[in-house]
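Notes to accompany the following structure.
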Amino acid sequence: MTIDHETRFAVHPAAAAAMDTEELRRHFLIQDLFHPGRIRLCYTHYDRMIVGGAVPTAEELALEAIRPNGTPSFLERRELVLVHVGGGTGQVRVGAETHALEARDMLYVGLGQEVALRSLDAADPARFYLLSAPAHKPLPTRPIPHAAAKRLDLGSRATANERSIFQYTTTIETCQIVVGLTRLAEGSVWNTMPAHVHDRRMEAYLYFELAEEARVFHLMGEPAQTRHIVMAEGEAVVSPPWSIHSGCGTSAYSFVWAMAGDNVDYTDMDPAPLKDMR
Ligand SMILES: O=C[C@H](O)[C@@H](O)CC(=O)C(=O)O
Ligand SMILES: [Zn+2]
């Protein structure tokens, strides 16, 4: 077995408000997702979203069921999104078909499929970011290359939040995953400010394309009880439905955002006005 997994339980907002730095990190921060030759998964109890990383080297890595699935195969009752977040060309085998992924390309895989991951060059392995949530029907496998994503340019240099949002799932049908990638322009450091919450959907962020010595101060918590988690390249964070999810970097970066829950409406957010934030 080349899969490591851990479980995260859901946290009440009052409990989170009482946590110190180490406790916050233990419950919400996900580190070490990208380990050569392994698939590493974090099974969360936020909408049962699985957040993972995979770095195939010489061997193909099969995405096999883990004990928390309780099913014979991983995608027996789930859907999957893979995003290429670094390294050389990655190959995803879905049944008899193989899809090649380059930097920032996304692949959607529907319920019931068998998936295996490879790197074209073991010396320059692909880094795959994985997201999986329960699904209610099989949907076709759909590659969305980065260039085919729906792009929205937002923010400004004056507010240090000039960025492009690339929506991967607006043109395809998914059961419940909504996913995209946001890239900050050079000199811009703020994401998702003003912030928002969406009780209908949890969200997870993976920060990447961040310089090794740089950090993102990720903001979480209820709008009137904010906390921060200092994050490095390749680290993910879970945002409970009651929490804002915003960040300020010491330089520009990219992040993959992904949601699962009661609707797939990207625009359905409740603003957290700055005047109410504490
Ligand atoms: O619910 C949506 C998510 O929080 C992100 O899409 C926000 C984001 O990428 C940004 O503003 O930079
Ligand atoms: Zn959000």
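Residue numbers start at 1 in each chain; chains themselves are named A, B, ... in the order of the structure tokens; ligands are numbered from 1 in the order shown.
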
Might you pull out every residue within 7 Å of range 259-266 of chain A, with only C-alpha atoms counted and same-chain residues fewer than 5 positions away left off, and present them as a list in words?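 Here the answer would be Asp47, Met49, Ala133, Gln176, Ile177, Val178, Val179, Arg200, Arg201, Met202, Glu203 and Ala204 of chain A.
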
Saved selection, atoms kept: C-alpha atoms, as a PDB file, in the first residue's frame:
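Just written: again21.pdb:
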```
ATOM      1  CA  ASP A  47     -18.656  17.262   3.954  1.00  0.00           C
ATOM      2  CA  MET A  49     -14.017  16.020   1.629  1.00  0.00           C
ATOM      3  CA  ALA A 133     -16.201  14.226  -2.085  1.00  0.00           C
ATOM      4  CA  GLN A 176     -20.701  18.669  -5.406  1.00  0.00           C
ATOM      5  CA  ILE A 177     -17.092  19.724  -5.927  1.00  0.00           C
ATOM      6  CA  VAL A 178     -16.526  23.329  -7.042  1.00  0.00           C
ATOM      7  CA  VAL A 179     -12.856  23.978  -7.739  1.00  0.00           C
ATOM      8  CA  ARG A 200     -23.603  25.728   2.724  1.00  0.00           C
ATOM      9  CA  ARG A 201     -20.125  24.690   1.683  1.00  0.00           C
ATOM     10  CA  MET A 202     -16.832  23.875   3.348  1.00  0.00           C
ATOM     11  CA  GLU A 203     -13.684  24.967   1.548  1.00  0.00           C
ATOM     12  CA  ALA A 204     -10.033  23.870   1.392  1.00  0.00           C
TER      13      ALA A 204
END
```

Residues within 8 Å of Leu184 in chain A, only C-alpha atoms, excluding chain neighbours under 2 positions, as a PyMOL selection string: chain A and resi 161-164+182+186+188-191+252-254

Generate the output file for the selected residues, C-alpha atoms, as a JSON list (two decimals), in the first residue's frame.
```json
[["chain", "number", "residue", "atom", "x", "y", "z"],
["A", 161, "ASN", "CA", -4.99, 41.99, -4.37],
["A", 162, "GLU", "CA", -4.65, 41.99, -8.17],
["A", 163, "ARG", "CA", -5.35, 38.39, -9.08],
["A", 164, "SER", "CA", -6.85, 36.03, -11.64],
["A", 182, "THR", "CA", -6.26, 31.77, -8.08],
["A", 186, "GLU", "CA", 3.53, 40.14, -8.70],
["A", 188, "SER", "CA", -0.12, 41.57, -4.81],
["A", 189, "VAL", "CA", -0.44, 39.52, -1.65],
["A", 190, "TRP", "CA", -4.07, 39.51, -0.43],
["A", 191, "ASN", "CA", -6.64, 36.90, -1.37],
["A", 252, "ALA", "CA", 2.77, 36.56, -4.53],
["A", 253, "TYR", "CA", 1.55, 32.95, -4.71],
["A", 254, "SER", "CA", -1.14, 30.74, -6.21]]
```

List as an MDAnalysis selection string the protein and nucleic acid residues near His5 in chain A, meaning an atom at most 10 Å away when only C-alpha atoms are counted, but skip any in the same chain fewer than 5 places from it. chainID A and resid 33 39:43 50:52 66:68

Around ligand 2, at most 10 Å away and counting only C-alpha atoms and all ligand atoms, which residues are there? Put them as a PDB file with N, CA and C atoms, in the first residue's frame, please.
```pdb
ATOM      1  N   THR A 192      -9.029  37.064  -1.230  1.00  0.00           N
ATOM      2  CA  THR A 192     -10.349  36.975  -0.602  1.00  0.00           C
ATOM      3  C   THR A 192     -10.554  37.999   0.520  1.00  0.00           C
ATOM      4  N   ALA A 195     -13.519  39.415   3.035  1.00  0.00           N
ATOM      5  CA  ALA A 195     -13.708  37.968   3.156  1.00  0.00           C
ATOM      6  C   ALA A 195     -15.197  37.604   3.100  1.00  0.00           C
ATOM      7  N   HIS A 196     -15.448  36.323   3.136  1.00  0.00           N
ATOM      8  CA  HIS A 196     -16.837  35.839   3.128  1.00  0.00           C
ATOM      9  C   HIS A 196     -16.892  34.501   3.845  1.00  0.00           C
ATOM     10  N   VAL A 197     -18.103  34.066   4.133  1.00  0.00           N
ATOM     11  CA  VAL A 197     -18.337  32.690   4.602  1.00  0.00           C
ATOM     12  C   VAL A 197     -19.423  32.108   3.702  1.00  0.00           C
ATOM     13  N   HIS A 198     -19.578  30.785   3.745  1.00  0.00           N
ATOM     14  CA  HIS A 198     -20.693  30.118   3.058  1.00  0.00           C
ATOM     15  C   HIS A 198     -20.971  28.859   3.838  1.00  0.00           C
ATOM     16  N   ASP A 199     -21.953  28.975   4.740  1.00  0.00           N
ATOM     17  CA  ASP A 199     -22.311  27.855   5.610  1.00  0.00           C
ATOM     18  C   ASP A 199     -22.728  26.621   4.809  1.00  0.00           C
ATOM     19  N   ARG A 201     -21.259  25.429   2.244  1.00  0.00           N
ATOM     20  CA  ARG A 201     -20.125  24.690   1.683  1.00  0.00           C
ATOM     21  C   ARG A 201     -18.873  24.874   2.533  1.00  0.00           C
ATOM     22  N   MET A 202     -18.165  23.776   2.762  1.00  0.00           N
ATOM     23  CA  MET A 202     -16.832  23.875   3.348  1.00  0.00           C
ATOM     24  C   MET A 202     -15.883  24.297   2.236  1.00  0.00           C
ATOM     25  N   GLU A 203     -14.664  24.644   2.582  1.00  0.00           N
ATOM     26  CA  GLU A 203     -13.684  24.967   1.548  1.00  0.00           C
ATOM     27  C   GLU A 203     -12.296  24.542   2.023  1.00  0.00           C
ATOM     28  N   ALA A 204     -11.441  24.180   1.073  1.00  0.00           N
ATOM     29  CA  ALA A 204     -10.033  23.870   1.392  1.00  0.00           C
ATOM     30  C   ALA A 204      -9.157  24.675   0.450  1.00  0.00           C
ATOM     31  N   TYR A 205      -8.053  25.178   0.975  1.00  0.00           N
ATOM     32  CA  TYR A 205      -7.081  25.916   0.159  1.00  0.00           C
ATOM     33  C   TYR A 205      -5.756  25.152   0.150  1.00  0.00           C
ATOM     34  N   SER A 239     -11.181  24.966   5.692  1.00  0.00           N
ATOM     35  CA  SER A 239     -12.008  26.077   6.156  1.00  0.00           C
ATOM     36  C   SER A 239     -13.394  25.542   6.483  1.00  0.00           C
ATOM     37  N   PRO A 241     -17.382  25.561   7.513  1.00  0.00           N
ATOM     38  CA  PRO A 241     -18.426  26.384   6.902  1.00  0.00           C
ATOM     39  C   PRO A 241     -18.645  27.725   7.598  1.00  0.00           C
ATOM     40  N   SER A 243     -16.271  29.620   8.833  1.00  0.00           N
ATOM     41  CA  SER A 243     -14.998  30.348   8.870  1.00  0.00           C
ATOM     42  C   SER A 243     -14.738  31.185   7.618  1.00  0.00           C
ATOM     43  N   ILE A 244     -14.110  32.349   7.833  1.00  0.00           N
ATOM     44  CA  ILE A 244     -13.573  33.051   6.677  1.00  0.00           C
ATOM     45  C   ILE A 244     -12.356  32.261   6.189  1.00  0.00           C
ATOM     46  N   HIS A 245     -11.902  32.526   4.975  1.00  0.00           N
ATOM     47  CA  HIS A 245     -10.717  31.885   4.417  1.00  0.00           C
ATOM     48  C   HIS A 245     -10.109  32.921   3.497  1.00  0.00           C
ATOM     49  N   SER A 246      -9.070  33.540   3.998  1.00  0.00           N
ATOM     50  CA  SER A 246      -8.427  34.644   3.317  1.00  0.00           C
ATOM     51  C   SER A 246      -6.951  34.518   3.651  1.00  0.00           C
ATOM     52  N   TRP A 257      -8.493  26.434  -4.627  1.00  0.00           N
ATOM     53  CA  TRP A 257      -9.610  26.458  -3.676  1.00  0.00           C
ATOM     54  C   TRP A 257     -10.615  25.405  -4.127  1.00  0.00           C
ATOM     55  N   ALA A 258     -11.221  24.750  -3.186  1.00  0.00           N
ATOM     56  CA  ALA A 258     -12.172  23.699  -3.532  1.00  0.00           C
ATOM     57  C   ALA A 258     -13.244  23.641  -2.465  1.00  0.00           C
ATOM     58  N   MET A 259     -14.464  23.470  -2.908  1.00  0.00           N
ATOM     59  CA  MET A 259     -15.593  23.444  -1.980  1.00  0.00           C
ATOM     60  C   MET A 259     -16.450  22.209  -2.214  1.00  0.00           C
ATOM     61  N   TYR A 266     -20.977  29.058  -7.154  1.00  0.00           N
ATOM     62  CA  TYR A 266     -19.777  29.800  -6.732  1.00  0.00           C
ATOM     63  C   TYR A 266     -20.118  31.164  -6.134  1.00  0.00           C
ATOM     64  N   THR A 267     -21.153  31.806  -6.704  1.00  0.00           N
ATOM     65  CA  THR A 267     -21.461  33.183  -6.281  1.00  0.00           C
ATOM     66  C   THR A 267     -22.239  33.246  -4.960  1.00  0.00           C
ATOM     67  N   ASP A 268     -22.657  32.107  -4.436  1.00  0.00           N
ATOM     68  CA  ASP A 268     -23.458  32.090  -3.211  1.00  0.00           C
ATOM     69  C   ASP A 268     -22.556  32.219  -1.982  1.00  0.00           C
ATOM     70  N   MET A 269     -22.213  33.448  -1.650  1.00  0.00           N
ATOM     71  CA  MET A 269     -21.324  33.723  -0.505  1.00  0.00           C
ATOM     72  C   MET A 269     -21.985  34.778   0.366  1.00  0.00           C
ATOM     73  N   ASP A 270     -21.723  34.738   1.660  1.00  0.00           N
ATOM     74  CA  ASP A 270     -22.199  35.777   2.576  1.00  0.00           C
ATOM     75  C   ASP A 270     -21.008  36.651   2.937  1.00  0.00           C
ATOM     76  N   PRO A 271     -21.060  37.942   2.559  1.00  0.00           N
ATOM     77  CA  PRO A 271     -19.904  38.793   2.821  1.00  0.00           C
ATOM     78  C   PRO A 271     -19.647  38.970   4.318  1.00  0.00           C
TER      79      PRO A 271
END
```

Just the residues within 10 Å of Thr2 in chain A, please, counting only C-alpha atoms, with nothing from its chain fewer than 4 positions along; format it as a ChimeraX atom specification. /A:37-40,54,56,60-64

Contacts of range 111-122 of chain A at 6 Å (only C-alpha atoms; same-chain gap of 3+ positions) as a count of residues only: 22

Contacts of Glu235 in chain A at 10 Å or less, counting only C-alpha atoms, minus same-chain residues fewer than 3 places along, as a PDB file with C-alpha atoms, in the first residue's frame?
```pdb
ATOM      1  CA  LEU A  29      -3.453  22.791   8.681  1.00  0.00           C
ATOM      2  CA  ILE A  30      -2.479  19.908   6.387  1.00  0.00           C
ATOM      3  CA  GLN A  31       1.268  19.484   5.832  1.00  0.00           C
ATOM      4  CA  ASP A  32       3.513  16.965   4.031  1.00  0.00           C
ATOM      5  CA  LEU A  33       1.007  16.107   1.299  1.00  0.00           C
ATOM      6  CA  PHE A  34       3.688  15.718  -1.373  1.00  0.00           C
ATOM      7  CA  GLY A  53      -1.326  14.866  -2.551  1.00  0.00           C
ATOM      8  CA  TYR A 205      -7.081  25.916   0.159  1.00  0.00           C
ATOM      9  CA  LEU A 206      -3.709  24.643  -1.085  1.00  0.00           C
ATOM     10  CA  TYR A 207      -1.087  27.357  -1.271  1.00  0.00           C
ATOM     11  CA  PHE A 208       1.637  26.777  -3.894  1.00  0.00           C
ATOM     12  CA  VAL A 216       1.109  33.140   3.737  1.00  0.00           C
ATOM     13  CA  VAL A 230       1.305  30.737   9.020  1.00  0.00           C
ATOM     14  CA  MET A 231       1.624  28.543   5.933  1.00  0.00           C
ATOM     15  CA  ALA A 232       4.408  27.521   3.541  1.00  0.00           C
ATOM     16  CA  PHE A 255      -3.724  28.612  -4.484  1.00  0.00           C
TER      17      PHE A 255
END
```

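Minimum atom-to-atom distance to ligand 1, evaluated using only C-alpha atoms and all ligand atoms, belongs to A:Val256 out of A:Ala100, A:Val237, A:Met277, A:Val256.
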
Using DSSP on the backbone coordinates, identify the residues of range 41-252 of chain A assigned to strand (DSSP E or B); present them as a ChimeraX atom specification. /A:41-44,50-55,61-62,78-84,90-94,97-101,106-109,115-119,128-134,142-144,150-154,163-167,178-184,190-191,195-197,201-208,216-220,227-231,235-239,246-249

Which of these, A:Ser156, A:Thr250, A:Ser132, A:Thr174, has the shortest distance to ligand 1 once you count only C-alpha atoms and all ligand atoms?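 Checking each of A:Ser156, A:Thr250, A:Ser132, A:Thr174 against ligand 1, counting only C-alpha atoms and all ligand atoms, the winner is A:Ser156.
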
What separation in Å, quoted to one decimal, exists between CA of Ala272 in chain A and CA of Gly247 in chain A? 14.2 Å

Mind giving me the straight-line distance from CA of Ala236 in chain A to CA of Val85 in chain A in Å, one decimal? 12.3 Å

Given only C-alpha atoms as the basis, pick out the residue of A:Leu130, A:Arg278, A:Pro145, A:Leu24 nearest to Gln225 in chain A.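 Looking only at the distances to Gln225 in chain A, the closest residue turns out to be A:Arg278.
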